[in-house]
Number of protein chains: 2
Amino acid sequence: MRAKTLKELAETLGLSITTVSRALAGHEQIALKTRQRVAEAARAYGYVPNTAARALVSGRSGFVGFVLPVRGPNLVDSFLGEFITGLGEGLVAHGSDLILATAAEPQAELAVLRHVVESGRADGVVLNRIAEVDERVRYLSGRSFPFVAHGRLLDDGDGYHWLDTDGARAFGEAFDMLYELGHRRFGLVTISEPMTFRHLRQDGLDAAIARRGDPEVTLEVATAPRFDREARIEAVNRMLCGPERPTAIIGLFDELALTVMEEAARAGLSVPDELSVVGFDNLAASAYAPPGLTTFDASIRRAAREIAGMLVQVIENRPDQPLTRLIRPTLVARGSHGPAPGES
Amino acid sequence: MRAKTLKELAETLGLSITTVSRALAGHEQIALKTRQRVAEAARAYGYVPNTAARALVSGRSGFVGFVLPVRGPNLVDSFLGEFITGLGEGLVAHGSDLILATAAEPQAELAVLRHVVESGRADGVVLNRIAEVDERVRYLSGRSFPFVAHGRLLDDGDGYHWLDTDGARAFGEAFDMLYELGHRRFGLVTISEPMTFRHLRQDGLDAAIARRGDPEVTLEVATAPRFDREARIEAVNRMLCGPERPTAIIGLFDELALTVMEEAARAGLSVPDELSVVGFDNLAASAYAPPGLTTFDASIRRAAREIAGMLVQVIENRPDQPLTRLIRPTLVARGSHGPAPGES
DNA sequence: CTATGCTTTTGAAACGTTTGCAATAGCCAG
DNA sequence: CTGGCTATTGCAAACGTTTCAAAAGCATAG
């Protein structure tokens with residue numbers, strides 16, 4: 001026999017609903033013997049508390065929300081899977097579940113978020129793909145609703161909780177490594193969307209160049225819309241076929257770097273002998289694309305796990321100081337970088 | 001000003017809670033004028049119904065559940081991301097959200113599922129990675145709780161709702177294609193876990209071989225545990241270095257086929273000149289691994305979208321005939337297959 | 001002016017839990 | 001044996017919604 005409700009369980013035990021509820025919650029005021037008896041009966045009858053009722057009275061749903069980004073037809077990367085897995089792993093310790101709402105179209109993303117928040121579906125939400133100026137952050141901050149962002153705004157303003165991978169540092173490291181291999185003509189393939197990470201990474205690169213103070217160093221930047229494959233290929237080719245072709249090209253992220261490698265191969269350019277390529281993300285495909293893309297591991301899964309932990313903390317303690325965390329990406333050295341042409 | 005509850009909204013309008021509730025639900029018995037007035041006020045005051053209260057009284061949570069599979073440290077594939085995205089896309093039309101529960105360890109997966117079901121968190125669930133004999137299917141069937149499986153049991157028994165990709169057909173097609181290219185010595189790399197798709201795909205291959213009725217055709221099968229990379233490599237190498245090396249090797253799925261390509265490259269075997277390789281899944285990495293893995297597209301995302309649609313139907317109509325759907329995978333011909341060695 | 005029938009609105013119960021406050025039982029000291 | 005204290009337990013309200021049954025409004029017919 002199964003007990004579906006607290007009432008049934010209480011009747012079976014000859015106790016009141018109150019007592020059973022408190023016993024299961026482990027209140028000290030209930031006699032230890034009673035608590036044990038109740039716990040055992042609950043297990044025996046397979047009692048599981050009703051989430052809706054609990055949420056209604058406590059005002060807490062026990063869920064963490066995430067709005068699924070709208071995606072184009074082809075998703076190459078395992079980003080979402082890793083991110084979700086990480087969130088799940090981080091949440092399981094706390095007993096929360098994840099609720100995923102989908103926006104039918106990109107414009108609806110804020111509306112969906114608002115709906116999730118206002119309907120009390122979630123106690124806190126996770127944001128990713130943070131834009132330079134992000135209306136979601138403004139909305140949630142204004143409502144002082146718990147959230148943690150994966151990524152940062154361009155202007156941090158009043159403060160909010162975030163976790164980010166240190167792209168600036170990685171791009172600085174990439175430059176230093178390539179500079180020491182003799183490269184002087186650099187290329188950067190970036191995107192035209194107003195995403196903050198674009199600035200941070202390029203700033204890191206610029207800073208490293210400035211730090212080196214070598215007037216010989218040049219940086220050519222190619223820009224294309226993120227999801228327009230054609231435009232991206234064209235931008236890359238313009239760089240590869242230009243008069244002063246860079247000897248080292250850095251992709252803002254792996255997908256761009258992989259395009260560089262593909263187009264280089266098509267143009268008969270040898271990587272890494274004639275051209276070094278470095279990416280950022282460490283997609284699965286990057287290991288397979290010959291000669292293996294040198295990149296930085298963003299450890300999405302670990303980041304998501306930590307984000308979940310931060311969010312739980314925010315929900316429970318409402319800290320007034322922003323929690324922030326900068327993860328250091330690790331270099332994954334594969335075959336796509338080497339000495340500049342002409343160097344031994 | 002915002003109206004958080006029906007009561008607030010009702011007071012503002014000078015109506016009863018009942019009327020407002022019915023008006024928002026679009027009941028005919030409420031005067032059209034009133035309905036419009038209420039709808040407008042709801043929009044103006046940003047009223048969003050409380051999910052928990054609604055779920056409590058209606059007995060429906062409006063959620064579809066999915067238990068996140070426990071995963072090893074390295075996930076290469078974008079399977080999960082595509083699957084989730086597809087589910088989300090399928091659900092958004094119906095206004096449901098997805099709830100994801102995570103199991104801390106593989107053994108806990110059934111317990112987590114049970115918890116999701118018993119707590120009323122979800123109105124229906126999606127199952128994947130179906131094993132030959134699957135306790136989750138038995139549990140849900142026994143409770144007659146709505147669910148749709150991605151994949152099948154070995155023995156369909158009483159019937160349940162499922163969607164599957166027709167691996168048998170794909171493997172038959174793969175054989176036919178390779179046979180016509182002159183291949184006679186075939187290899188199959190498979191896994192040792194009791195997953196149904198392993199049988200279905202191999203059965204499809206066996207059937208195609210039998211249909212051809214050519215006594216020259218041989219099939220060598222190598223088996224390794226799914227998540228043990230070392231063992232897999234060893235099994236592949238045993239096949240590649242055996243006395244009667246196959247000229248065409250089919251991987252049960254892309255990851256296995258990619259391993260074959262990697263090991264072939266390491267052994268100095270040219271693909272496709274000396275060895276043809278075919279996979280199944282069409283991972284992103286498969287396009288990048290030279291010379292491009294010929295494989296079948298399992299269109300996970302589309303499958304998931306349809307599964308979501310089926311589940312919605314099951315939740316609403318409780319059909320007594322099992323809904324079943326077999327998706328035909330499409331061949332993605334790339335560079336890893338060609339004429340058998342010795343054929344022109 | 002009342003009875004009738006129809007349209008529109010409302011009061012109140014219910015869903016299953018948590019929790020403030022009150023009640024009861026048990027025990028010791030006076 | 002009684003009063004008073006503490007250790008337990010229970011009553012009842014509340015959370016925000018849906019829905020049944022019934023009331024109110026209102027026009028038309030008798």
# chains A, B, ... in the order shown; residues from 1 in each chain; ligands from 1
call {"tool": "residues_around", "arguments": {"residues": "segment 302-314 of chain A", "least_positions_apart": "2", "cutoff": "7 Å", "atoms": "only C-alpha atoms (C1' of nucleotides)", "output": "PyMOL selection string"}}
result
chain A and resi 83+86-87+89-91+124+146-148+163+299-300+316-319
call {"tool": "write_last_selection", "arguments": {"atoms": "C-alpha atoms", "output": "PDB file, in the first residue's frame"}}
result
ATOM      1  CA  PHE A  83      26.266  23.398 -19.264  1.00  0.00           C
ATOM      2  CA  GLY A  86      27.088  20.898 -14.872  1.00  0.00           C
ATOM      3  CA  LEU A  87      24.077  22.732 -13.511  1.00  0.00           C
ATOM      4  CA  GLU A  89      25.529  18.204 -10.916  1.00  0.00           C
ATOM      5  CA  GLY A  90      25.785  21.366  -8.899  1.00  0.00           C
ATOM      6  CA  LEU A  91      22.130  21.286  -7.978  1.00  0.00           C
ATOM      7  CA  GLY A 124      16.435  31.703  -8.907  1.00  0.00           C
ATOM      8  CA  PRO A 146      18.194  35.737  -7.317  1.00  0.00           C
ATOM      9  CA  PHE A 147      20.295  35.005 -10.368  1.00  0.00           C
ATOM     10  CA  VAL A 148      23.823  34.199 -11.378  1.00  0.00           C
ATOM     11  CA  LEU A 163      31.053  33.638 -13.000  1.00  0.00           C
ATOM     12  CA  SER A 299      35.531  23.841 -18.719  1.00  0.00           C
ATOM     13  CA  ILE A 300      31.899  24.694 -19.209  1.00  0.00           C
ATOM     14  CA  GLU A 316      19.478  31.008   0.673  1.00  0.00           C
ATOM     15  CA  ASN A 317      21.557  33.858   1.997  1.00  0.00           C
ATOM     16  CA  ARG A 318      20.851  36.832  -0.249  1.00  0.00           C
ATOM     17  CA  PRO A 319      24.368  38.158   0.123  1.00  0.00           C
TER      18      PRO A 319
END
call {"tool": "interface_residues", "arguments": {"of": "chain B", "to": "chain C", "cutoff": "9 Å", "atoms": "only C-alpha atoms (C1' of nucleotides)", "output": "number ranges by chain"}}
result
B: 15-19, 29-31, 53, 55-59
call {"tool": "write_last_selection", "arguments": {"atoms": "C-alpha atoms", "output": "PDB file, in the first residue's frame"}}
result
ATOM      1  CA  LEU B  15     -15.101  41.496  -9.552  1.00  0.00           C
ATOM      2  CA  SER B  16     -14.944  38.213  -7.708  1.00  0.00           C
ATOM      3  CA  ILE B  17     -11.987  35.886  -7.892  1.00  0.00           C
ATOM      4  CA  THR B  18     -14.151  33.310  -9.575  1.00  0.00           C
ATOM      5  CA  THR B  19     -15.153  35.603 -12.369  1.00  0.00           C
ATOM      6  CA  GLN B  29     -20.354  31.847 -19.533  1.00  0.00           C
ATOM      7  CA  ILE B  30     -18.523  35.049 -18.697  1.00  0.00           C
ATOM      8  CA  ALA B  31     -19.777  38.034 -20.669  1.00  0.00           C
ATOM      9  CA  ALA B  53      -1.470  26.936  -6.792  1.00  0.00           C
ATOM     10  CA  ALA B  55      -0.890  22.646 -10.046  1.00  0.00           C
ATOM     11  CA  LEU B  56      -2.204  21.919  -6.595  1.00  0.00           C
ATOM     12  CA  VAL B  57      -5.824  22.304  -7.485  1.00  0.00           C
ATOM     13  CA  SER B  58      -5.719  20.920 -10.992  1.00  0.00           C
ATOM     14  CA  GLY B  59      -3.445  17.991 -10.256  1.00  0.00           C
TER      15      GLY B  59
END
call {"tool": "residues_around", "arguments": {"residues": "Ile327 of chain B", "least_positions_apart": "2", "cutoff": "7 Å", "atoms": "only C-alpha atoms (C1' of nucleotides)", "output": "short mmCIF file (atom, residue, chain, number, x, y, z; two decimals) with N, CA and C atoms, in the first residue's frame"}}
result
data_model
loop_
_atom_site.label_atom_id
_atom_site.label_comp_id
_atom_site.auth_asym_id
_atom_site.auth_seq_id
_atom_site.Cartn_x
_atom_site.Cartn_y
_atom_site.Cartn_z
N ASP B 164 11.85 5.77 -32.25
CA ASP B 164 13.20 5.25 -32.41
C ASP B 164 13.71 5.61 -33.80
N THR B 165 15.02 5.62 -33.95
CA THR B 165 15.59 5.76 -35.28
C THR B 165 15.83 4.36 -35.81
N ASP B 166 15.58 4.18 -37.07
CA ASP B 166 15.61 2.84 -37.63
C ASP B 166 17.04 2.40 -37.92
N ARG B 325 6.80 5.32 -33.44
CA ARG B 325 7.28 6.08 -34.60
C ARG B 325 8.72 5.70 -34.86
N PRO B 329 16.86 7.19 -40.63
CA PRO B 329 18.10 7.98 -40.63
C PRO B 329 18.56 8.19 -42.06
#
call {"tool": "interface_residues", "arguments": {"of": "chain D", "to": "chain B", "cutoff": "7 Å", "atoms": "only C-alpha atoms (C1' of nucleotides)", "output": "list of chain:residue names"}}
result
D:DG16, D:DT17, D:DT18
call {"tool": "write_last_selection", "arguments": {"atoms": "C-alpha atoms (C1' of nucleotides)", "output": "compact mmCIF listing (two decimals), in the first residue's frame"}}
result
# COMPACT_ATOMS: atom_id res chain seq x y z
C1' DG D 16 -3.44 31.02 -4.80
C1' DT D 17 -5.91 28.72 -7.77
C1' DT D 18 -10.09 26.01 -9.96
call {"tool": "interface_residues", "arguments": {"of": "chain B", "to": "chain A", "cutoff": "9 Å", "atoms": "only C-alpha atoms", "output": "ChimeraX atom specification"}}
result
/B:4,46-56,59,61,63,68-71,75-85,88-89,91-93,96-104,115,118-121,258,283-290
call {"tool": "atom_distance", "arguments": {"atom1": "atom CA of Asp281 of chain A", "atom2": "atom CA of Gly167 of chain A"}}
result
9.9 Å
call {"tool": "closest_residue", "arguments": {"among": "D:DC1, D:DT8, D:DG25, D:DC15", "to": "Ala23 of chain A", "atoms": "only C-alpha atoms (C1' of nucleotides)"}}
result
D:DT8
call {"tool": "atom_distance", "arguments": {"atom1": "atom CA of His150 of chain B", "atom2": "atom CA of Ile130 of chain B"}}
result
7.0 Å
call {"tool": "atom_distance", "arguments": {"atom1": "atom CA of Arg136 of chain B", "atom2": "atom CA of Asp155 of chain B"}}
result
14.2 Å
call {"tool": "select_by_dssp", "arguments": {"residues": "segment 176-222 of chain B", "states": "helix (DSSP H, G or I)", "output": "PyMOL selection string"}}
result
chain B and resi 176-180+196-212
call {"tool": "write_last_selection", "arguments": {"atoms": "N, CA and C atoms", "output": "mmCIF file, in the first residue's frame"}}
result
data_model
loop_
_atom_site.group_PDB
_atom_site.id
_atom_site.type_symbol
_atom_site.label_atom_id
_atom_site.label_comp_id
_atom_site.auth_asym_id
_atom_site.auth_seq_id
_atom_site.Cartn_x
_atom_site.Cartn_y
_atom_site.Cartn_z
ATOM 1 N N ASP B 176 24.644 -2.748 -47.875
ATOM 2 C CA ASP B 176 24.386 -2.791 -49.313
ATOM 3 C C ASP B 176 25.325 -1.865 -50.073
ATOM 4 N N MET B 177 25.472 -0.673 -49.550
ATOM 5 C CA MET B 177 26.345 0.293 -50.205
ATOM 6 C C MET B 177 27.777 -0.244 -50.287
ATOM 7 N N LEU B 178 28.253 -0.775 -49.177
ATOM 8 C CA LEU B 178 29.633 -1.254 -49.143
ATOM 9 C C LEU B 178 29.802 -2.515 -49.988
ATOM 10 N N TYR B 179 28.783 -3.357 -49.966
ATOM 11 C CA TYR B 179 28.862 -4.581 -50.770
ATOM 12 C C TYR B 179 28.990 -4.222 -52.245
ATOM 13 N N GLU B 180 28.195 -3.258 -52.630
ATOM 14 C CA GLU B 180 28.238 -2.876 -54.039
ATOM 15 C C GLU B 180 29.548 -2.191 -54.421
ATOM 16 N N THR B 196 19.256 -1.973 -26.280
ATOM 17 C CA THR B 196 18.488 -2.582 -27.359
ATOM 18 C C THR B 196 19.016 -2.211 -28.737
ATOM 19 N N PHE B 197 19.426 -0.954 -28.898
ATOM 20 C CA PHE B 197 19.820 -0.522 -30.243
ATOM 21 C C PHE B 197 20.999 -1.323 -30.770
ATOM 22 N N ARG B 198 21.784 -1.857 -29.869
ATOM 23 C CA ARG B 198 22.897 -2.702 -30.292
ATOM 24 C C ARG B 198 22.369 -3.896 -31.103
ATOM 25 N N HIS B 199 21.332 -4.518 -30.582
ATOM 26 C CA HIS B 199 20.753 -5.668 -31.268
ATOM 27 C C HIS B 199 20.080 -5.275 -32.571
ATOM 28 N N LEU B 200 19.296 -4.225 -32.496
ATOM 29 C CA LEU B 200 18.539 -3.831 -33.681
ATOM 30 C C LEU B 200 19.465 -3.533 -34.847
ATOM 31 N N ARG B 201 20.526 -2.786 -34.540
ATOM 32 C CA ARG B 201 21.438 -2.419 -35.629
ATOM 33 C C ARG B 201 22.157 -3.643 -36.168
ATOM 34 N N GLN B 202 22.634 -4.494 -35.276
ATOM 35 C CA GLN B 202 23.344 -5.685 -35.762
ATOM 36 C C GLN B 202 22.387 -6.608 -36.511
ATOM 37 N N ASP B 203 21.154 -6.709 -36.020
ATOM 38 C CA ASP B 203 20.160 -7.529 -36.718
ATOM 39 C C ASP B 203 19.946 -7.015 -38.137
ATOM 40 N N GLY B 204 19.897 -5.694 -38.264
ATOM 41 C CA GLY B 204 19.725 -5.110 -39.584
ATOM 42 C C GLY B 204 20.873 -5.478 -40.500
ATOM 43 N N LEU B 205 22.057 -5.467 -39.943
ATOM 44 C CA LEU B 205 23.247 -5.831 -40.705
ATOM 45 C C LEU B 205 23.185 -7.310 -41.095
ATOM 46 N N ASP B 206 22.921 -8.154 -40.114
ATOM 47 C CA ASP B 206 22.830 -9.594 -40.368
ATOM 48 C C ASP B 206 21.789 -9.897 -41.436
ATOM 49 N N ALA B 207 20.641 -9.237 -41.321
ATOM 50 C CA ALA B 207 19.558 -9.496 -42.265
ATOM 51 C C ALA B 207 19.982 -9.117 -43.677
ATOM 52 N N ALA B 208 20.681 -7.992 -43.800
ATOM 53 C CA ALA B 208 21.114 -7.555 -45.127
ATOM 54 C C ALA B 208 22.121 -8.539 -45.708
ATOM 55 N N ILE B 209 22.987 -9.043 -44.839
ATOM 56 C CA ILE B 209 23.971 -10.034 -45.293
ATOM 57 C C ILE B 209 23.251 -11.289 -45.771
ATOM 58 N N ALA B 210 22.294 -11.728 -44.969
ATOM 59 C CA ALA B 210 21.546 -12.941 -45.315
ATOM 60 C C ALA B 210 20.783 -12.745 -46.628
ATOM 61 N N ARG B 211 20.200 -11.566 -46.769
ATOM 62 C CA ARG B 211 19.427 -11.265 -47.968
ATOM 63 C C ARG B 211 20.309 -11.391 -49.211
ATOM 64 N N ARG B 212 21.547 -10.967 -49.076
ATOM 65 C CA ARG B 212 22.471 -11.005 -50.206
ATOM 66 C C ARG B 212 22.837 -12.449 -50.548
#
call {"tool": "residues_around", "arguments": {"residues": "Ala267 of chain B", "least_positions_apart": "3", "cutoff": "10 Å", "atoms": "only C-alpha atoms (C1' of nucleotides)", "output": "list in words"}}
result
Asn237, Leu240, Cys241, Met261, Glu262, Glu263, Ala264 and Ser270 of chain B
call {"tool": "residues_around", "arguments": {"residues": "Arg43 of chain B", "least_positions_apart": "5", "cutoff": "12 Å", "atoms": "only C-alpha atoms (C1' of nucleotides)", "output": "list of chain:residue names"}}
result
B:Met1, B:Arg2, B:Ala3, B:Lys4, B:Leu9, B:Leu24, B:Gln36, B:Arg37, B:Val38, B:Val48, B:Pro49
call {"tool": "decode", "arguments": {"residues": "segment 250-289 of chain A", "atoms": "N, CA and C atoms", "output": "PDB file, in the first residue's frame"}}
result
ATOM      1  N   ILE A 250      44.054  34.048 -34.306  1.00  0.00           N
ATOM      2  CA  ILE A 250      43.345  33.598 -33.117  1.00  0.00           C
ATOM      3  C   ILE A 250      41.857  33.721 -33.367  1.00  0.00           C
ATOM      4  N   GLY A 251      41.136  32.653 -33.110  1.00  0.00           N
ATOM      5  CA  GLY A 251      39.681  32.696 -33.254  1.00  0.00           C
ATOM      6  C   GLY A 251      39.065  33.078 -31.923  1.00  0.00           C
ATOM      7  N   LEU A 252      38.037  33.900 -31.974  1.00  0.00           N
ATOM      8  CA  LEU A 252      37.393  34.313 -30.734  1.00  0.00           C
ATOM      9  C   LEU A 252      36.890  33.089 -29.972  1.00  0.00           C
ATOM     10  N   PHE A 253      36.482  32.081 -30.730  1.00  0.00           N
ATOM     11  CA  PHE A 253      36.154  30.783 -30.129  1.00  0.00           C
ATOM     12  C   PHE A 253      36.413  29.694 -31.161  1.00  0.00           C
ATOM     13  N   ASP A 254      36.342  28.462 -30.738  1.00  0.00           N
ATOM     14  CA  ASP A 254      36.768  27.350 -31.588  1.00  0.00           C
ATOM     15  C   ASP A 254      36.098  27.292 -32.948  1.00  0.00           C
ATOM     16  N   GLU A 255      34.802  27.562 -32.969  1.00  0.00           N
ATOM     17  CA  GLU A 255      34.113  27.473 -34.252  1.00  0.00           C
ATOM     18  C   GLU A 255      34.779  28.366 -35.290  1.00  0.00           C
ATOM     19  N   LEU A 256      35.168  29.550 -34.855  1.00  0.00           N
ATOM     20  CA  LEU A 256      35.838  30.468 -35.774  1.00  0.00           C
ATOM     21  C   LEU A 256      37.221  29.945 -36.139  1.00  0.00           C
ATOM     22  N   ALA A 257      37.920  29.439 -35.155  1.00  0.00           N
ATOM     23  CA  ALA A 257      39.258  28.910 -35.422  1.00  0.00           C
ATOM     24  C   ALA A 257      39.181  27.711 -36.368  1.00  0.00           C
ATOM     25  N   LEU A 258      38.142  26.907 -36.198  1.00  0.00           N
ATOM     26  CA  LEU A 258      37.981  25.745 -37.078  1.00  0.00           C
ATOM     27  C   LEU A 258      37.714  26.200 -38.514  1.00  0.00           C
ATOM     28  N   THR A 259      36.948  27.252 -38.649  1.00  0.00           N
ATOM     29  CA  THR A 259      36.722  27.802 -39.985  1.00  0.00           C
ATOM     30  C   THR A 259      38.040  28.256 -40.599  1.00  0.00           C
ATOM     31  N   VAL A 260      38.867  28.890 -39.802  1.00  0.00           N
ATOM     32  CA  VAL A 260      40.174  29.321 -40.292  1.00  0.00           C
ATOM     33  C   VAL A 260      40.961  28.111 -40.796  1.00  0.00           C
ATOM     34  N   MET A 261      40.943  27.026 -40.006  1.00  0.00           N
ATOM     35  CA  MET A 261      41.704  25.840 -40.408  1.00  0.00           C
ATOM     36  C   MET A 261      41.144  25.242 -41.697  1.00  0.00           C
ATOM     37  N   GLU A 262      39.835  25.210 -41.794  1.00  0.00           N
ATOM     38  CA  GLU A 262      39.221  24.654 -43.006  1.00  0.00           C
ATOM     39  C   GLU A 262      39.596  25.477 -44.231  1.00  0.00           C
ATOM     40  N   GLU A 263      39.485  26.783 -44.071  1.00  0.00           N
ATOM     41  CA  GLU A 263      39.759  27.649 -45.214  1.00  0.00           C
ATOM     42  C   GLU A 263      41.243  27.651 -45.564  1.00  0.00           C
ATOM     43  N   ALA A 264      42.070  27.535 -44.541  1.00  0.00           N
ATOM     44  CA  ALA A 264      43.515  27.457 -44.793  1.00  0.00           C
ATOM     45  C   ALA A 264      43.811  26.203 -45.601  1.00  0.00           C
ATOM     46  N   ALA A 265      43.192  25.086 -45.196  1.00  0.00           N
ATOM     47  CA  ALA A 265      43.405  23.833 -45.914  1.00  0.00           C
ATOM     48  C   ALA A 265      42.945  23.982 -47.359  1.00  0.00           C
ATOM     49  N   ARG A 266      41.794  24.618 -47.534  1.00  0.00           N
ATOM     50  CA  ARG A 266      41.267  24.795 -48.880  1.00  0.00           C
ATOM     51  C   ARG A 266      42.198  25.658 -49.729  1.00  0.00           C
ATOM     52  N   ALA A 267      42.836  26.634 -49.074  1.00  0.00           N
ATOM     53  CA  ALA A 267      43.731  27.529 -49.807  1.00  0.00           C
ATOM     54  C   ALA A 267      45.131  26.924 -49.953  1.00  0.00           C
ATOM     55  N   GLY A 268      45.284  25.716 -49.461  1.00  0.00           N
ATOM     56  CA  GLY A 268      46.574  25.058 -49.599  1.00  0.00           C
ATOM     57  C   GLY A 268      47.631  25.558 -48.630  1.00  0.00           C
ATOM     58  N   LEU A 269      47.155  26.219 -47.576  1.00  0.00           N
ATOM     59  CA  LEU A 269      48.096  26.698 -46.554  1.00  0.00           C
ATOM     60  C   LEU A 269      48.321  25.615 -45.514  1.00  0.00           C
ATOM     61  N   SER A 270      49.558  25.371 -45.172  1.00  0.00           N
ATOM     62  CA  SER A 270      49.829  24.330 -44.193  1.00  0.00           C
ATOM     63  C   SER A 270      49.771  24.887 -42.772  1.00  0.00           C
ATOM     64  N   VAL A 271      48.993  24.218 -41.944  1.00  0.00           N
ATOM     65  CA  VAL A 271      48.942  24.531 -40.518  1.00  0.00           C
ATOM     66  C   VAL A 271      49.664  23.409 -39.788  1.00  0.00           C
ATOM     67  N   PRO A 272      50.664  23.675 -38.985  1.00  0.00           N
ATOM     68  CA  PRO A 272      51.079  24.983 -38.497  1.00  0.00           C
ATOM     69  C   PRO A 272      52.287  25.569 -39.234  1.00  0.00           C
ATOM     70  N   ASP A 273      52.753  24.941 -40.308  1.00  0.00           N
ATOM     71  CA  ASP A 273      53.998  25.422 -40.910  1.00  0.00           C
ATOM     72  C   ASP A 273      53.892  26.846 -41.445  1.00  0.00           C
ATOM     73  N   GLU A 274      52.809  27.121 -42.156  1.00  0.00           N
ATOM     74  CA  GLU A 274      52.674  28.462 -42.720  1.00  0.00           C
ATOM     75  C   GLU A 274      51.768  29.361 -41.889  1.00  0.00           C
ATOM     76  N   LEU A 275      50.952  28.719 -41.074  1.00  0.00           N
ATOM     77  CA  LEU A 275      49.970  29.482 -40.302  1.00  0.00           C
ATOM     78  C   LEU A 275      49.692  28.788 -38.974  1.00  0.00           C
ATOM     79  N   SER A 276      49.757  29.562 -37.912  1.00  0.00           N
ATOM     80  CA  SER A 276      49.356  29.028 -36.615  1.00  0.00           C
ATOM     81  C   SER A 276      47.935  29.467 -36.310  1.00  0.00           C
ATOM     82  N   VAL A 277      47.178  28.572 -35.700  1.00  0.00           N
ATOM     83  CA  VAL A 277      45.788  28.895 -35.364  1.00  0.00           C
ATOM     84  C   VAL A 277      45.538  28.512 -33.908  1.00  0.00           C
ATOM     85  N   VAL A 278      44.880  29.406 -33.186  1.00  0.00           N
ATOM     86  CA  VAL A 278      44.538  29.121 -31.794  1.00  0.00           C
ATOM     87  C   VAL A 278      43.069  29.481 -31.578  1.00  0.00           C
ATOM     88  N   GLY A 279      42.388  28.659 -30.810  1.00  0.00           N
ATOM     89  CA  GLY A 279      40.972  28.910 -30.540  1.00  0.00           C
ATOM     90  C   GLY A 279      40.687  29.100 -29.061  1.00  0.00           C
ATOM     91  N   PHE A 280      39.417  28.970 -28.724  1.00  0.00           N
ATOM     92  CA  PHE A 280      39.013  29.093 -27.333  1.00  0.00           C
ATOM     93  C   PHE A 280      37.699  28.352 -27.144  1.00  0.00           C
ATOM     94  N   ASP A 281      37.672  27.409 -26.246  1.00  0.00           N
ATOM     95  CA  ASP A 281      36.477  26.626 -25.878  1.00  0.00           C
ATOM     96  C   ASP A 281      36.811  25.163 -25.652  1.00  0.00           C
ATOM     97  N   ASN A 282      37.598  24.640 -26.603  1.00  0.00           N
ATOM     98  CA  ASN A 282      37.905  23.220 -26.640  1.00  0.00           C
ATOM     99  C   ASN A 282      36.673  22.375 -26.923  1.00  0.00           C
ATOM    100  N   LEU A 283      36.120  22.570 -28.081  1.00  0.00           N
ATOM    101  CA  LEU A 283      35.032  21.706 -28.543  1.00  0.00           C
ATOM    102  C   LEU A 283      35.578  20.318 -28.837  1.00  0.00           C
ATOM    103  N   ALA A 284      34.674  19.359 -28.864  1.00  0.00           N
ATOM    104  CA  ALA A 284      35.083  17.996 -29.207  1.00  0.00           C
ATOM    105  C   ALA A 284      35.683  17.964 -30.605  1.00  0.00           C
ATOM    106  N   ALA A 285      35.066  18.682 -31.527  1.00  0.00           N
ATOM    107  CA  ALA A 285      35.530  18.656 -32.906  1.00  0.00           C
ATOM    108  C   ALA A 285      36.956  19.183 -33.028  1.00  0.00           C
ATOM    109  N   SER A 286      37.353  20.048 -32.115  1.00  0.00           N
ATOM    110  CA  SER A 286      38.680  20.652 -32.207  1.00  0.00           C
ATOM    111  C   SER A 286      39.800  19.634 -32.071  1.00  0.00           C
ATOM    112  N   ALA A 287      39.503  18.553 -31.383  1.00  0.00           N
ATOM    113  CA  ALA A 287      40.518  17.515 -31.232  1.00  0.00           C
ATOM    114  C   ALA A 287      40.657  16.712 -32.523  1.00  0.00           C
ATOM    115  N   TYR A 288      39.592  16.671 -33.302  1.00  0.00           N
ATOM    116  CA  TYR A 288      39.583  15.822 -34.485  1.00  0.00           C
ATOM    117  C   TYR A 288      40.041  16.537 -35.747  1.00  0.00           C
ATOM    118  N   ALA A 289      39.857  17.862 -35.752  1.00  0.00           N
ATOM    119  CA  ALA A 289      40.224  18.591 -36.959  1.00  0.00           C
ATOM    120  C   ALA A 289      41.740  18.612 -37.072  1.00  0.00           C
TER     121      ALA A 289
END
